[in-house]
Structure formats: C-alpha cells, structure tokens
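Shown next: data30.tsv, containing TSV, C-alpha atoms.
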chain	number	residue	atom	x	y	z
A	1	MET	CA	0.00	0.00	0.00
A	2	SER	CA	1.46	3.40	-0.92
A	3	ASP	CA	1.82	6.23	1.58
A	4	THR	CA	-0.92	8.18	-0.17
A	5	ALA	CA	-3.29	5.20	0.14
A	6	ARG	CA	-2.82	4.80	3.89
A	7	PRO	CA	-5.53	6.05	6.25
A	8	PRO	CA	-4.46	9.06	8.33
A	9	LEU	CA	-2.94	8.32	11.72
A	10	GLY	CA	-6.04	9.41	13.56
A	11	GLU	CA	-8.08	6.86	11.58
A	12	SER	CA	-6.05	3.72	12.19
A	13	GLY	CA	-2.86	4.67	14.03
A	14	ARG	CA	-2.00	5.25	17.63
A	15	GLN	CA	-3.76	8.60	17.96
A	16	GLY	CA	-7.46	8.27	18.57
A	17	GLY	CA	-8.24	4.71	17.66
A	18	TRP	CA	-7.50	1.01	17.52
A	19	HIS	CA	-4.00	0.31	16.23
A	20	VAL	CA	-1.36	-2.40	15.79
A	21	ASP	CA	1.81	-1.88	17.80
A	22	ASP	CA	5.40	-2.52	16.74
A	23	ARG	CA	5.54	-6.04	18.17
A	24	CYS	CA	3.48	-7.42	15.27
A	25	THR	CA	5.16	-10.36	13.52
A	26	ASN	CA	2.77	-10.47	10.54
A	27	CYS	CA	1.43	-13.90	11.53
A	28	ASP	CA	-1.99	-13.28	9.87
A	29	VAL	CA	-4.06	-14.39	12.89
A	30	ALA	CA	-5.71	-10.99	13.41
A	31	ARG	CA	-6.49	-10.64	9.71
A	32	GLN	CA	-8.27	-14.00	9.76
A	33	LEU	CA	-10.51	-12.91	12.62
A	34	ALA	CA	-11.25	-9.28	11.69
A	35	PRO	CA	-11.26	-9.18	7.87
A	36	GLY	CA	-11.93	-5.73	6.49
A	37	LEU	CA	-10.85	-4.14	9.76
A	38	ILE	CA	-7.27	-5.43	9.84
A	39	GLY	CA	-5.14	-5.86	6.74
A	40	GLU	CA	-1.50	-6.15	5.73
A	41	ALA	CA	0.85	-3.34	4.78
A	42	ASP	CA	4.64	-3.24	4.66
A	43	GLY	CA	5.06	-6.69	6.16
A	44	ARG	CA	2.80	-6.30	9.18
A	45	SER	CA	-0.84	-6.03	10.14
A	46	ARG	CA	-2.53	-2.64	10.22
A	47	VAL	CA	-5.94	-1.40	11.33
A	48	LEU	CA	-7.64	-0.36	8.11
A	49	ARG	CA	-10.48	1.55	9.73
A	50	GLN	CA	-12.13	2.03	13.09
A	51	PRO	CA	-15.14	-0.09	14.14
A	52	ARG	CA	-18.51	1.32	13.19
A	53	ASP	CA	-20.70	-0.66	15.57
A	54	GLU	CA	-20.67	-3.13	18.45
A	55	ALA	CA	-20.27	-6.12	16.16
A	56	GLU	CA	-17.06	-4.69	14.66
A	57	THR	CA	-15.74	-3.80	18.12
A	58	ARG	CA	-16.26	-7.43	19.07
A	59	LEU	CA	-14.31	-8.55	15.99
A	60	LEU	CA	-11.36	-6.39	17.01
A	61	HIS	CA	-11.48	-7.84	20.53
A	62	THR	CA	-11.51	-11.33	19.02
A	63	ALA	CA	-8.39	-10.49	17.01
A	64	ALA	CA	-6.74	-8.89	20.04
A	65	TYR	CA	-7.36	-11.90	22.29
A	66	ALA	CA	-5.89	-14.24	19.67
A	67	CYS	CA	-2.81	-12.15	18.84
A	68	HIS	CA	0.28	-13.82	20.31
A	69	THR	CA	2.09	-10.51	20.91
A	70	ARG	CA	-1.06	-8.69	22.07
A	71	SER	CA	-0.31	-6.13	19.36
A	72	ILE	CA	-3.95	-5.27	18.56
A	73	ARG	CA	-4.50	-2.31	20.87
A	74	PRO	CA	-7.67	-0.35	21.72
A	75	PRO	CA	-7.77	3.45	21.66
A	76	SER	CA	-5.33	5.26	23.93
A	77	GLY	CA	-6.40	5.17	27.57
A	78	GLN	CA	-8.67	2.15	27.09
A	79	ARG	CA	-8.12	-1.51	27.89
A	80	LEU	CA	-9.43	-4.65	26.26
A	81	ASP	CA	-12.79	-5.65	27.71
A	82	PRO	CA	-12.51	-9.15	29.26
A	83	ALA	CA	-16.23	-9.61	28.67
A	84	LEU	CA	-15.52	-9.48	24.92
A	85	ASP	CA	-12.99	-12.30	24.97
A	86	PRO	CA	-14.89	-14.91	22.91
A	87	PHE	CA	-12.54	-17.86	23.32
A	88	PRO	CA	-13.00	-20.75	23.01
A	89	LEU	CA	-14.84	-19.69	19.87
A	90	ALA	CA	-17.25	-22.20	18.33
A	91	LEU	CA	-16.62	-22.89	14.62
A	92	ASP	CA	-19.48	-25.38	14.55
A	93	ASP	CA	-21.11	-27.79	17.00
A	94	SER	CA	-17.98	-29.90	17.49
A	95	VAL	CA	-14.92	-27.67	17.07
A	96	TRP	CA	-13.74	-24.59	18.91
A	97	LEU	CA	-10.86	-22.24	18.13
A	98	CYS	CA	-8.83	-21.83	21.32
A	99	GLY	CA	-7.47	-18.33	20.66
A	100	HIS	CA	-4.82	-16.86	22.96
A	101	ASN	CA	-2.04	-17.90	20.59
A	102	SER	CA	1.45	-18.27	22.01
A	103	THR	CA	4.76	-16.66	21.12
A	104	HIS	CA	6.35	-20.04	21.90
A	105	THR	CA	4.43	-21.85	19.15
A	106	ALA	CA	5.05	-19.25	16.43
A	107	ALA	CA	1.53	-17.84	16.91
A	108	ALA	CA	-0.12	-21.10	15.83
A	109	ASN	CA	-3.87	-21.56	16.05
A	110	SER	CA	-5.06	-24.42	18.24
A	111	TYR	CA	-8.38	-26.21	18.47
A	112	LEU	CA	-10.67	-28.20	20.74
A	113	LEU	CA	-12.63	-31.10	19.25
A	114	ARG	CA	-15.49	-32.49	21.32
A	115	ARG	CA	-15.79	-36.29	21.51
A	116	ARG	CA	-18.33	-38.38	23.41
A	117	SER	CA	-15.42	-39.93	25.27
A	118	GLY	CA	-13.79	-36.55	25.99
A	119	SER	CA	-12.44	-33.56	24.14
A	120	VAL	CA	-9.21	-33.47	22.15
A	121	MET	CA	-6.90	-30.44	21.98
A	122	VAL	CA	-4.94	-30.09	18.74
A	123	ASP	CA	-1.78	-28.04	19.30
A	124	THR	CA	-1.93	-25.61	22.19
A	125	PRO	CA	-2.58	-21.99	23.11
A	126	ARG	CA	-0.47	-20.03	25.59
A	127	TRP	CA	-0.45	-21.59	29.04
A	128	SER	CA	-2.96	-20.19	31.54
A	129	GLU	CA	-4.83	-21.86	34.38
A	130	ALA	CA	-7.78	-19.54	33.78
A	131	LEU	CA	-7.89	-20.60	30.15
A	132	ALA	CA	-7.63	-24.26	31.14
A	133	GLU	CA	-10.80	-23.87	33.21
A	134	ARG	CA	-12.60	-22.36	30.23
A	135	TYR	CA	-11.60	-25.13	27.85
A	136	GLU	CA	-12.37	-27.80	30.41
A	137	ALA	CA	-15.87	-26.40	30.79
A	138	LEU	CA	-16.58	-27.95	27.38
A	139	GLY	CA	-15.82	-31.38	28.84
A	140	PRO	CA	-12.79	-33.35	30.03
A	141	VAL	CA	-9.82	-33.33	27.66
A	142	THR	CA	-8.38	-36.82	27.10
A	143	ASP	CA	-5.71	-36.17	24.46
A	144	VAL	CA	-3.39	-33.38	23.34
A	145	LEU	CA	-2.35	-33.95	19.73
A	146	LEU	CA	0.76	-32.17	18.45
A	147	THR	CA	0.94	-31.69	14.70
A	148	HIS	CA	4.72	-31.12	14.67
A	149	ARG	CA	7.71	-29.80	16.58
A	150	ASP	CA	7.06	-26.07	16.10
A	151	HIS	CA	3.85	-26.29	18.11
A	152	ALA	CA	5.06	-28.48	20.96
A	153	ALA	CA	6.20	-25.87	23.50
A	154	HIS	CA	3.27	-26.10	25.94
A	155	GLY	CA	2.13	-29.63	25.16
A	156	ARG	CA	3.33	-31.35	28.32
A	157	ARG	CA	1.92	-28.66	30.61
A	158	TRP	CA	-1.52	-28.75	29.01
A	159	ALA	CA	-1.59	-32.55	28.98
A	160	ASP	CA	-0.61	-32.72	32.65
A	161	ARG	CA	-3.22	-30.11	33.59
A	162	PHE	CA	-5.96	-32.11	31.87
A	163	GLY	CA	-4.64	-35.55	32.85
A	164	ALA	CA	-4.48	-36.19	29.11
A	165	ARG	CA	-2.20	-38.19	26.81
A	166	LEU	CA	0.33	-36.20	24.80
A	167	TRP	CA	0.92	-37.36	21.22
A	168	ILE	CA	3.69	-36.58	18.74
A	169	HIS	CA	5.35	-38.33	15.80
A	170	GLU	CA	8.74	-39.98	16.21
A	171	GLY	CA	10.22	-37.69	13.58
A	172	ASP	CA	9.70	-34.69	15.89
A	173	LEU	CA	10.08	-36.54	19.19
A	174	ALA	CA	13.01	-34.35	20.24
A	175	ALA	CA	10.52	-31.50	20.70
A	176	ALA	CA	8.42	-33.53	23.15
A	177	PRO	CA	10.60	-36.39	24.42
A	178	ASP	CA	8.24	-37.03	27.33
A	179	ALA	CA	5.20	-37.63	25.11
A	180	ASP	CA	2.89	-40.43	26.28
A	181	ARG	CA	2.13	-41.73	22.79
A	182	VAL	CA	4.54	-41.74	19.85
A	183	LEU	CA	3.31	-42.14	16.29
A	184	ARG	CA	5.67	-44.15	14.08
A	185	GLY	CA	6.03	-44.65	10.37
A	186	VAL	CA	3.70	-43.21	7.74
A	187	GLU	CA	0.56	-45.35	8.00
A	188	PRO	CA	-2.68	-43.86	9.39
A	189	VAL	CA	-3.43	-44.61	13.05
A	190	GLU	CA	-6.63	-44.02	15.04
A	191	VAL	CA	-5.61	-42.00	18.11
A	192	ALA	CA	-9.01	-41.18	19.63
A	193	GLU	CA	-12.65	-41.88	18.91
A	194	GLY	CA	-13.07	-41.19	15.18
A	195	VAL	CA	-9.74	-39.32	14.99
A	196	VAL	CA	-7.10	-40.66	12.59
A	197	ALA	CA	-3.49	-39.47	12.49
A	198	HIS	CA	-2.03	-39.29	8.98
A	199	PRO	CA	1.77	-38.83	9.17
A	200	LEU	CA	2.77	-36.30	6.52
A	201	PRO	CA	6.52	-35.68	6.69
A	202	GLY	CA	7.69	-32.70	4.72
A	203	HIS	CA	7.20	-29.43	6.56
A	204	THR	CA	9.05	-31.18	9.38
A	205	GLU	CA	10.15	-34.78	9.60
A	206	GLY	CA	7.34	-35.59	12.02
A	207	SER	CA	4.45	-33.51	10.68
A	208	VAL	CA	1.00	-35.08	11.10
A	209	LEU	CA	-2.54	-34.38	9.88
A	210	TYR	CA	-5.34	-35.35	12.26
A	211	VAL	CA	-8.66	-36.09	10.51
A	212	ALA	CA	-11.85	-36.51	12.54
A	213	ASP	CA	-15.11	-38.04	11.36
A	214	GLU	CA	-14.11	-37.50	7.71
A	215	ARG	CA	-15.16	-33.93	8.41
A	216	TYR	CA	-12.31	-32.04	10.06
A	217	CYS	CA	-8.63	-31.89	9.10
A	218	PHE	CA	-6.25	-30.35	11.63
A	219	SER	CA	-3.29	-29.76	9.37
A	220	GLY	CA	-0.69	-27.99	11.50
A	221	ASP	CA	1.67	-26.23	9.09
A	222	SER	CA	1.36	-28.79	6.28
A	223	LEU	CA	-1.70	-27.38	4.51
A	224	TYR	CA	-3.66	-24.15	4.74
A	225	TRP	CA	-6.24	-22.08	2.88
A	226	SER	CA	-4.68	-19.13	1.11
A	227	ARG	CA	-6.83	-16.05	0.60
A	228	THR	CA	-4.31	-14.88	-1.98
A	229	THR	CA	-4.70	-17.91	-4.26
A	230	ALA	CA	-8.19	-18.94	-3.06
A	231	ASP	CA	-6.97	-22.51	-2.81
A	232	ILE	CA	-5.34	-25.09	-0.52
A	233	GLU	CA	-1.60	-24.54	-0.37
A	234	VAL	CA	1.58	-25.79	1.30
A	235	VAL	CA	4.04	-23.38	2.90
A	236	GLU	CA	6.69	-24.00	0.25
A	237	SER	CA	8.91	-21.13	1.40
A	238	VAL	CA	8.95	-22.40	5.00
A	239	THR	CA	9.54	-26.12	4.57
A	240	TRP	CA	12.06	-27.11	7.20
A	241	TYR	CA	12.55	-30.76	6.23
A	242	SER	CA	12.02	-31.47	2.52
A	243	ILE	CA	9.66	-30.29	-0.20
A	244	GLU	CA	10.36	-33.51	-2.13
A	245	VAL	CA	9.37	-35.60	0.88
A	246	LEU	CA	6.24	-33.48	1.26
A	247	ALA	CA	5.36	-34.17	-2.38
A	248	ALA	CA	5.73	-37.91	-1.78
A	249	SER	CA	3.66	-37.65	1.42
A	250	LEU	CA	0.83	-35.93	-0.42
A	251	ALA	CA	0.89	-38.48	-3.23
A	252	ARG	CA	0.60	-41.27	-0.66
A	253	SER	CA	-1.93	-39.68	1.69
A	254	VAL	CA	-4.28	-37.56	-0.42
A	255	PRO	CA	-6.20	-40.54	-1.89
A	256	ARG	CA	-6.98	-41.57	1.70
A	257	LEU	CA	-8.11	-38.16	2.90
A	258	ARG	CA	-11.71	-37.03	3.09
A	259	PHE	CA	-12.82	-33.94	4.99
A	260	GLU	CA	-14.80	-30.69	4.76
A	261	TRP	CA	-13.08	-28.38	7.24
A	262	LEU	CA	-9.41	-27.42	6.75
A	263	LEU	CA	-8.16	-26.21	10.15
A	264	PRO	CA	-4.48	-25.21	10.00
A	265	GLY	CA	-2.05	-23.89	12.56
A	266	HIS	CA	-1.05	-21.05	10.23
A	267	GLY	CA	-3.03	-19.63	7.36
A	268	ASP	CA	-6.77	-19.38	7.04
A	269	ARG	CA	-9.50	-21.91	7.71
A	270	GLN	CA	-11.97	-23.03	5.06
A	271	ARG	CA	-15.01	-25.28	4.76
A	272	LEU	CA	-15.84	-26.89	1.42
A	273	PRO	CA	-17.83	-29.94	0.31
A	274	ALA	CA	-15.69	-33.05	0.74
A	275	ALA	CA	-15.67	-33.73	-3.00
A	276	GLU	CA	-14.41	-30.22	-3.71
A	277	THR	CA	-11.71	-30.57	-1.06
A	278	ALA	CA	-10.59	-33.84	-2.65
A	279	ARG	CA	-10.40	-32.18	-6.06
A	280	ARG	CA	-8.30	-29.33	-4.72
A	281	LEU	CA	-6.00	-31.70	-2.83
A	282	ALA	CA	-5.36	-33.64	-6.03
A	283	GLY	CA	-4.44	-30.40	-7.76
A	284	LEU	CA	-2.17	-29.45	-4.88
A	285	THR	CA	-0.41	-32.81	-5.12
A	286	ASP	CA	0.34	-32.17	-8.79
A	287	ARG	CA	1.65	-28.65	-8.05
A	288	VAL	CA	3.88	-29.69	-5.16
A	289	ARG	CA	5.40	-32.50	-7.22
A	290	LYS	CA	6.93	-29.80	-9.44
A	291	LEU	CA	8.44	-27.74	-6.60
A	292	ARG	CA	12.12	-27.73	-5.74
A	293	PRO	CA	13.91	-26.73	-2.51
A	294	GLN	CA	14.30	-23.05	-1.82
A	295	PRO	CA	15.73	-20.94	1.02
A	296	ILE	CA	13.48	-20.33	4.02
A	297	ASP	CA	11.60	-17.07	3.48
A	298	PHE	CA	8.72	-16.19	5.79
A	299	SER	CA	7.90	-13.08	3.78
A	300	ALA	CA	7.04	-15.22	0.73
A	301	VAL	CA	4.09	-17.00	2.41
A	302	ARG	CA	0.88	-16.33	0.48
A	303	TYR	CA	-1.70	-15.85	3.24

Turn this file's structure into structure tokens for me.
Amino acid sequence: MSDTARPPLGESGRQGGWHVDDRCTNCDVARQLAPGLIGEADGRSRVLRQPRDEAETRLLHTAAYACHTRSIRPPSGQRLDPALDPFPLALDDSVWLCGHNSTHTAAANSYLLRRRSGSVMVDTPRWSEALAERYEALGPVTDVLLTHRDHAAHGRRWADRFGARLWIHEGDLAAAPDADRVLRGVEPVEVAEGVVAHPLPGHTEGSVLYVADERYCFSGDSLYWSRTTADIEVVESVTWYSIEVLAASLARSVPRLRFEWLLPGHGDRQRLPAAETARRLAGLTDRVRKLRPQPIDFSAVRY
C-alpha cells in the first residue's frame, strides 16, 4: 500500500483509535478474525479503519485476544474488555478455536474437538490456568495432539493439567521427548474416537494431519487455505525438512483423505464440500510435485 493510500494516523494509528503496535510479527491471525478491519501493509498487520458498531468492536477484541504478541490495541487510555474475549470460539457444534495464541508456538492456532469420550486439543494456546478452566468447561480433555515440533512448547503442561495423553510423531520426538504416545512410520493410526493421524513428513520430519469423522482436518503447518490464491496450499517457502518428501507424502496420503473443514495452525481456515476438497488436494499434489527446494523465506508465504 502506498503512503498516499494509507488512512491518516487518527483513523487507524496510535492517535485516537485502535492500532497495531510494533511487536506485530505479521502472523496473519488478526487478519483472519477481523477481515476488512485489519489488513496487511509493509510486512505487518494494520488497522484499516475504526469499528462502526458493536459487532465490529467485538471482531477487534476477538483479534486482540488471539494475537500472540497482544499487538492489537484499543484506543489510547482504554483496555481490552474481558467480557468481549470470545474464546473458546465455536466454529461449529464440534470444534472450537482456542485463541490466545502463544509466542512459543510461532503464533499457531489451536483447536478443541469435542468427543463423546472426551475432548481433544490439537496443538496448544499459551499456558494459563484460567484458560484451562474455560476449555475444560466444554468437557474433560483426554488427548493433546501435536501436529509437529514447532507447536510443541506447551504440550506437556496442558496434557498434565488435563490428565491427558500427549501425542507426537517420532520424527519430531526431540521437541516432546516425554510424550505419552509416539506415532511411528507413515501409515494412518486411530488416536481417539473417530480421529485418525495421517503422518505427513515434509514441513518437518514428524508432521502429522489429524482427521476426525471424515469432516475435520487439523493440518498444522502442512496445509492451509490461502486467501491470496483462493486454494489449498503448502508453505513451500517455509519447509524445514524437505519439499520432495512433502510431495511424496501428499501423493501417498491424499487418496486416503476425506474432509470438509481445513483447520491449519497457520493460514486461514476453510469449509468446502468433501468432493471439492478432494479435487483441490489432487491439484495441490500435482503442483507440489513440481516444486524444488528453496531458502526459508517467511515473507514469501501467500496468506
């Protein structure tokens, strides 16, 4: 955005309104939750305009309570209203977005999935006893599922608080060496009622997709919905292990995958008919097969 296109400081900057402070890491979380109010400029998030009604004020609070650096700030002299903290935020009748993202998990989104036998947490928010009580109010949590090493920082603490089992793949075991359950190899494994782990090495050696009820796919950093391309993508510019291995993983796993909701750690969420998701995943598999290794570049991610 050019300087002439930017709103004046009083409209979206520090003077007189909601603003984004200098701690922003451009993780995209706030833009997912307050579209139209928060956008991207010069490699960081920016308040595009001030809220016009109560509903938009609530959206900005939602973004603020998810932001891992707490960079979404209300007008000078005001504080965030705890009554407007919406988390856990229901996405449908079975899945909640945890919010309160952590600096120790690279700002990753985390989720709660309700099961008849107990809830499952996929990746983790920042640690807080008060938050634990909120999440537990949805029902006992039996399992904490880690999608890969980058999101493992708080896993043991959350699992111990809930009396839950902590899961990780052997490829990323160094990030959670005290895990209770270790996934091995590349074959799918049922880890909880209706929840199947699909090992998908590529982003990291031990990356895993968790698919529940052929409806939800918790994809960690392996897959995400890009608003830029309006399609399912991989984070090709931030592939720590091997883009070639990721291509092979997709070729092996995609024919087995069926789901409607794509729920990533980074990047946007999307719900599509299962047949449409399958079609897009097949196209993604073809595209990734043609990719070659490149240097790590966070700025190249197409959110």

Minimum-distance residue to A:Ser226, chosen among A:Asp53, A:Glu276, A:Ala192, A:Arg302 (using only C-alpha atoms): A:Arg302

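Interatomic distance, atom CA of A:Ala164 to atom CA of A:Ala83: 29.1 Å.
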
Taking (-11.3, -11.2, 16.9) as a centre in this file's frame and 10 Å as the limit, can you find every polymer residue with an atom that close, using all atoms listed in the file, and give them as a list in words?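 So the residues meeting the distance criterion are Val29, Ala30, Arg31, Gln32, Leu33, Ala34, Pro35, Ile38, Glu56, Thr57, Arg58, Leu59, Leu60, His61, Thr62, Ala63, Ala64, Tyr65, Ala66, Cys67, Ile72, Leu84, Asp85, Pro86, Phe87, Leu89 and Gly99 of chain A.
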
Contacts of stretch 66-172 of chain A with stretch 262-267 of chain A up to 12 Å, shortest pair per row, only C-alpha atoms, as a Markdown table:
| residue | atom | partner | partner_atom | distance |
| --- | --- | --- | --- | --- |
| A:Leu91 | CA | A:Leu263 | CA | 10.1 |
| A:Val95 | CA | A:Leu263 | CA | 9.8 |
| A:Trp96 | CA | A:Leu263 | CA | 10.5 |
| A:Leu97 | CA | A:Leu263 | CA | 9.3 |
| A:Cys98 | CA | A:Gly265 | CA | 11.3 |
| A:Gly99 | CA | A:Gly265 | CA | 11.2 |
| A:Asn101 | CA | A:Gly265 | CA | 10.0 |
| A:Ser102 | CA | A:Gly265 | CA | 11.5 |
| A:Thr105 | CA | A:Gly265 | CA | 9.5 |
| A:Ala106 | CA | A:His266 | CA | 8.9 |
| A:Ala107 | CA | A:His266 | CA | 7.8 |
| A:Ala108 | CA | A:Gly265 | CA | 4.7 |
| A:Asn109 | CA | A:Gly265 | CA | 4.6 |
| A:Ser110 | CA | A:Gly265 | CA | 6.5 |
| A:Tyr111 | CA | A:Leu263 | CA | 8.3 |
| A:Leu112 | CA | A:Leu263 | CA | 11.1 |
| A:Leu113 | CA | A:Leu263 | CA | 11.3 |
| A:Val122 | CA | A:Gly265 | CA | 9.2 |
| A:Asp123 | CA | A:Gly265 | CA | 7.9 |
| A:Thr124 | CA | A:Gly265 | CA | 9.8 |
| A:Pro125 | CA | A:Gly265 | CA | 10.7 |
| A:Leu146 | CA | A:Gly265 | CA | 10.5 |
| A:Thr147 | CA | A:Gly265 | CA | 8.6 |
| A:His148 | CA | A:Gly265 | CA | 10.1 |
| A:Asp150 | CA | A:Gly265 | CA | 10.0 |
| A:His151 | CA | A:Gly265 | CA | 8.4 |
| A:Ala152 | CA | A:Gly265 | CA | 11.9 |

Between atom CA of A:Leu183 and atom CA of A:Arg149, distance in Å (one decimal):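 Value for the atom CA of A:Leu183-atom CA of A:Arg149 distance: 13.1 Å.
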
Do you know which residues are at most 6 Å from A:Ser222 counting all atoms listed in the file, after dropping those on the same chain fewer than 2 positions away, and could you put them as a list in words?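 The contact residues come out as His203, Ser219, Gly220 and Val234 of chain A.
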
If you count all atoms listed in the file, which residues fall within 12 Å of A:Glu260, apart from same-chain ones fewer than 3 positions away, as a PyMOL selection string? chain A and resi 211-218+257+263+269-281

Do you have the atom CA of A:Pro199-atom CA of A:Glu136 distance handy?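 Result for atom CA of A:Pro199 versus atom CA of A:Glu136: 27.8 Å, one decimal.
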
Using all atoms listed in the file, I'd like a table of the residues in stretch 198-241 of chain A that come within 8 Å of stretch 291-297 of chain A; for each, show the closest atom pair and its distance in Å rounded to one decimal, ordered by chain and ascending number, as CSV.
residue,atom,partner,partner_atom,distance
A:Glu236,CA,A:Gln294,CA,7.9
A:Ser237,CA,A:Asp297,CA,5.3
A:Val238,CA,A:Ile296,CA,5.1
A:Thr239,CA,A:Ile296,CA,7.0
A:Trp240,CA,A:Ile296,CA,7.6

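Among the candidates A:Ala282, A:Val20, A:Val288, A:Val141, the residue lying nearest to A:Ala247 is A:Val288 (atoms considered: all atoms listed in the file).
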
Nearest to A:Gly139 among A:Gly171, A:Gly206, A:Pro51, A:Gly118, with distances taken over all atoms listed in the file: which residue is it?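 When distances to A:Gly139 are compared using all atoms listed in the file, the smallest one comes from A:Gly118.
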
Under the rule that all atoms listed in the file are counted, which of A:Glu205, A:Asp286, A:Asp143, A:Asp221 is the nearest residue to A:Val120?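 Nearest to A:Val120: A:Asp143.
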
Residue with smallest distance to A:Arg156 - pool A:Arg49, A:Arg289, A:Arg181, A:Arg256, counting only C-alpha atoms: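 Going through A:Arg49, A:Arg289, A:Arg181, A:Arg256 one by one, the smallest distance to A:Arg156 is for A:Arg181.
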
Residues proximal to (-4.1, 1.7, 22.3) were defined as those with any atom within 8 Å of that point in the file's coordinates, counting all atoms listed in the file. Which are they, as a compact mmCIF listing (two decimals) with C-alpha atoms, keeping the file's coordinate frame?
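Now in point-v9.txt:
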# COMPACT_ATOMS: atom_id res chain seq x y z
CA ARG A 14 -2.00 5.25 17.63
CA GLY A 17 -8.24 4.71 17.66
CA TRP A 18 -7.50 1.01 17.52
CA HIS A 19 -4.00 0.31 16.23
CA ILE A 72 -3.95 -5.27 18.56
CA ARG A 73 -4.50 -2.31 20.87
CA PRO A 74 -7.67 -0.35 21.72
CA PRO A 75 -7.77 3.45 21.66
CA SER A 76 -5.33 5.26 23.93
CA GLY A 77 -6.40 5.17 27.57
CA GLN A 78 -8.67 2.15 27.09
CA ARG A 79 -8.12 -1.51 27.89

Can you tell me, as a PDB file with C-alpha atoms, in the frame of the given file, what residues are no more than 6 Å from A:Val196 when counting only C-alpha atoms, ignoring any on the same chain fewer than 3 positions away?
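Here's the written file around-v8.pdb:
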ATOM      1  CA  VAL A 189      -3.430 -44.610  13.050  1.00  0.00           C
ATOM      2  CA  GLU A 190      -6.630 -44.020  15.040  1.00  0.00           C
ATOM      3  CA  VAL A 191      -5.610 -42.000  18.110  1.00  0.00           C
ATOM      4  CA  TYR A 210      -5.340 -35.350  12.260  1.00  0.00           C
ATOM      5  CA  VAL A 211      -8.660 -36.090  10.510  1.00  0.00           C
TER       6      VAL A 211
END

Reconstruct N, CA, C and O atoms of stretch 30-46 of chain A from the incomplete input and present them as a PDB file, in the coordinates of the input.
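Okay, this is what ended up in result.pdb:
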ATOM      1  N   ALA A  30      -4.727 -12.069  13.255  1.00  0.00           N
ATOM      2  CA  ALA A  30      -5.710 -10.990  13.410  1.00  0.00           C
ATOM      3  C   ALA A  30      -6.482 -10.756  12.126  1.00  0.00           C
ATOM      4  O   ALA A  30      -7.684 -10.465  12.154  1.00  0.00           O
ATOM      5  N   ARG A  31      -5.822 -10.876  10.990  1.00  0.00           N
ATOM      6  CA  ARG A  31      -6.490 -10.640   9.710  1.00  0.00           C
ATOM      7  C   ARG A  31      -7.529 -11.728   9.415  1.00  0.00           C
ATOM      8  O   ARG A  31      -8.528 -11.477   8.729  1.00  0.00           O
ATOM      9  N   GLN A  32      -7.292 -12.931   9.918  1.00  0.00           N
ATOM     10  CA  GLN A  32      -8.270 -14.000   9.760  1.00  0.00           C
ATOM     11  C   GLN A  32      -9.551 -13.691  10.530  1.00  0.00           C
ATOM     12  O   GLN A  32     -10.652 -14.034  10.089  1.00  0.00           O
ATOM     13  N   LEU A  33      -9.394 -13.073  11.699  1.00  0.00           N
ATOM     14  CA  LEU A  33     -10.510 -12.910  12.620  1.00  0.00           C
ATOM     15  C   LEU A  33     -11.242 -11.576  12.474  1.00  0.00           C
ATOM     16  O   LEU A  33     -12.387 -11.451  12.905  1.00  0.00           O
ATOM     17  N   ALA A  34     -10.591 -10.580  11.874  1.00  0.00           N
ATOM     18  CA  ALA A  34     -11.250  -9.280  11.690  1.00  0.00           C
ATOM     19  C   ALA A  34     -11.022  -8.798  10.253  1.00  0.00           C
ATOM     20  O   ALA A  34     -10.446  -7.728  10.017  1.00  0.00           O
ATOM     21  N   PRO A  35     -11.467  -9.582   9.274  1.00  0.00           N
ATOM     22  CA  PRO A  35     -11.260  -9.180   7.870  1.00  0.00           C
ATOM     23  C   PRO A  35     -11.993  -7.871   7.580  1.00  0.00           C
ATOM     24  O   PRO A  35     -13.093  -7.630   8.064  1.00  0.00           O
ATOM     25  N   GLY A  36     -11.345  -7.037   6.803  1.00  0.00           N
ATOM     26  CA  GLY A  36     -11.930  -5.730   6.490  1.00  0.00           C
ATOM     27  C   GLY A  36     -11.571  -4.669   7.500  1.00  0.00           C
ATOM     28  O   GLY A  36     -11.594  -3.478   7.184  1.00  0.00           O
ATOM     29  N   LEU A  37     -11.267  -5.081   8.715  1.00  0.00           N
ATOM     30  CA  LEU A  37     -10.850  -4.140   9.760  1.00  0.00           C
ATOM     31  C   LEU A  37      -9.342  -4.138   9.939  1.00  0.00           C
ATOM     32  O   LEU A  37      -8.746  -3.115  10.266  1.00  0.00           O
ATOM     33  N   ILE A  38      -8.721  -5.302   9.735  1.00  0.00           N
ATOM     34  CA  ILE A  38      -7.270  -5.430   9.840  1.00  0.00           C
ATOM     35  C   ILE A  38      -6.753  -6.017   8.540  1.00  0.00           C
ATOM     36  O   ILE A  38      -7.274  -7.022   8.050  1.00  0.00           O
ATOM     37  N   GLY A  39      -5.748  -5.390   7.978  1.00  0.00           N
ATOM     38  CA  GLY A  39      -5.140  -5.860   6.740  1.00  0.00           C
ATOM     39  C   GLY A  39      -3.634  -5.842   6.852  1.00  0.00           C
ATOM     40  O   GLY A  39      -3.079  -5.607   7.923  1.00  0.00           O
ATOM     41  N   GLU A  40      -2.956  -6.092   5.741  1.00  0.00           N
ATOM     42  CA  GLU A  40      -1.500  -6.150   5.730  1.00  0.00           C
ATOM     43  C   GLU A  40      -0.925  -4.987   4.944  1.00  0.00           C
ATOM     44  O   GLU A  40      -1.432  -4.637   3.876  1.00  0.00           O
ATOM     45  N   ALA A  41       0.119  -4.390   5.484  1.00  0.00           N
ATOM     46  CA  ALA A  41       0.850  -3.340   4.780  1.00  0.00           C
ATOM     47  C   ALA A  41       2.287  -3.338   5.263  1.00  0.00           C
ATOM     48  O   ALA A  41       2.537  -3.384   6.472  1.00  0.00           O
ATOM     49  N   ASP A  42       3.216  -3.324   4.325  1.00  0.00           N
ATOM     50  CA  ASP A  42       4.640  -3.240   4.660  1.00  0.00           C
ATOM     51  C   ASP A  42       5.088  -4.348   5.618  1.00  0.00           C
ATOM     52  O   ASP A  42       5.863  -4.112   6.554  1.00  0.00           O
ATOM     53  N   GLY A  43       4.592  -5.558   5.385  1.00  0.00           N
ATOM     54  CA  GLY A  43       5.060  -6.690   6.160  1.00  0.00           C
ATOM     55  C   GLY A  43       4.552  -6.765   7.582  1.00  0.00           C
ATOM     56  O   GLY A  43       5.189  -7.403   8.435  1.00  0.00           O
ATOM     57  N   ARG A  44       3.393  -6.186   7.853  1.00  0.00           N
ATOM     58  CA  ARG A  44       2.800  -6.300   9.180  1.00  0.00           C
ATOM     59  C   ARG A  44       1.304  -6.017   9.073  1.00  0.00           C
ATOM     60  O   ARG A  44       0.819  -5.505   8.056  1.00  0.00           O
ATOM     61  N   SER A  45       0.588  -6.340  10.121  1.00  0.00           N
ATOM     62  CA  SER A  45      -0.840  -6.030  10.140  1.00  0.00           C
ATOM     63  C   SER A  45      -1.058  -4.555  10.467  1.00  0.00           C
ATOM     64  O   SER A  45      -0.228  -3.913  11.120  1.00  0.00           O
ATOM     65  N   ARG A  46      -2.192  -4.042  10.008  1.00  0.00           N
ATOM     66  CA  ARG A  46      -2.530  -2.640  10.220  1.00  0.00           C
ATOM     67  C   ARG A  46      -4.039  -2.516  10.324  1.00  0.00           C
ATOM     68  O   ARG A  46      -4.774  -3.175   9.587  1.00  0.00           O
TER      69      ARG A  46
END
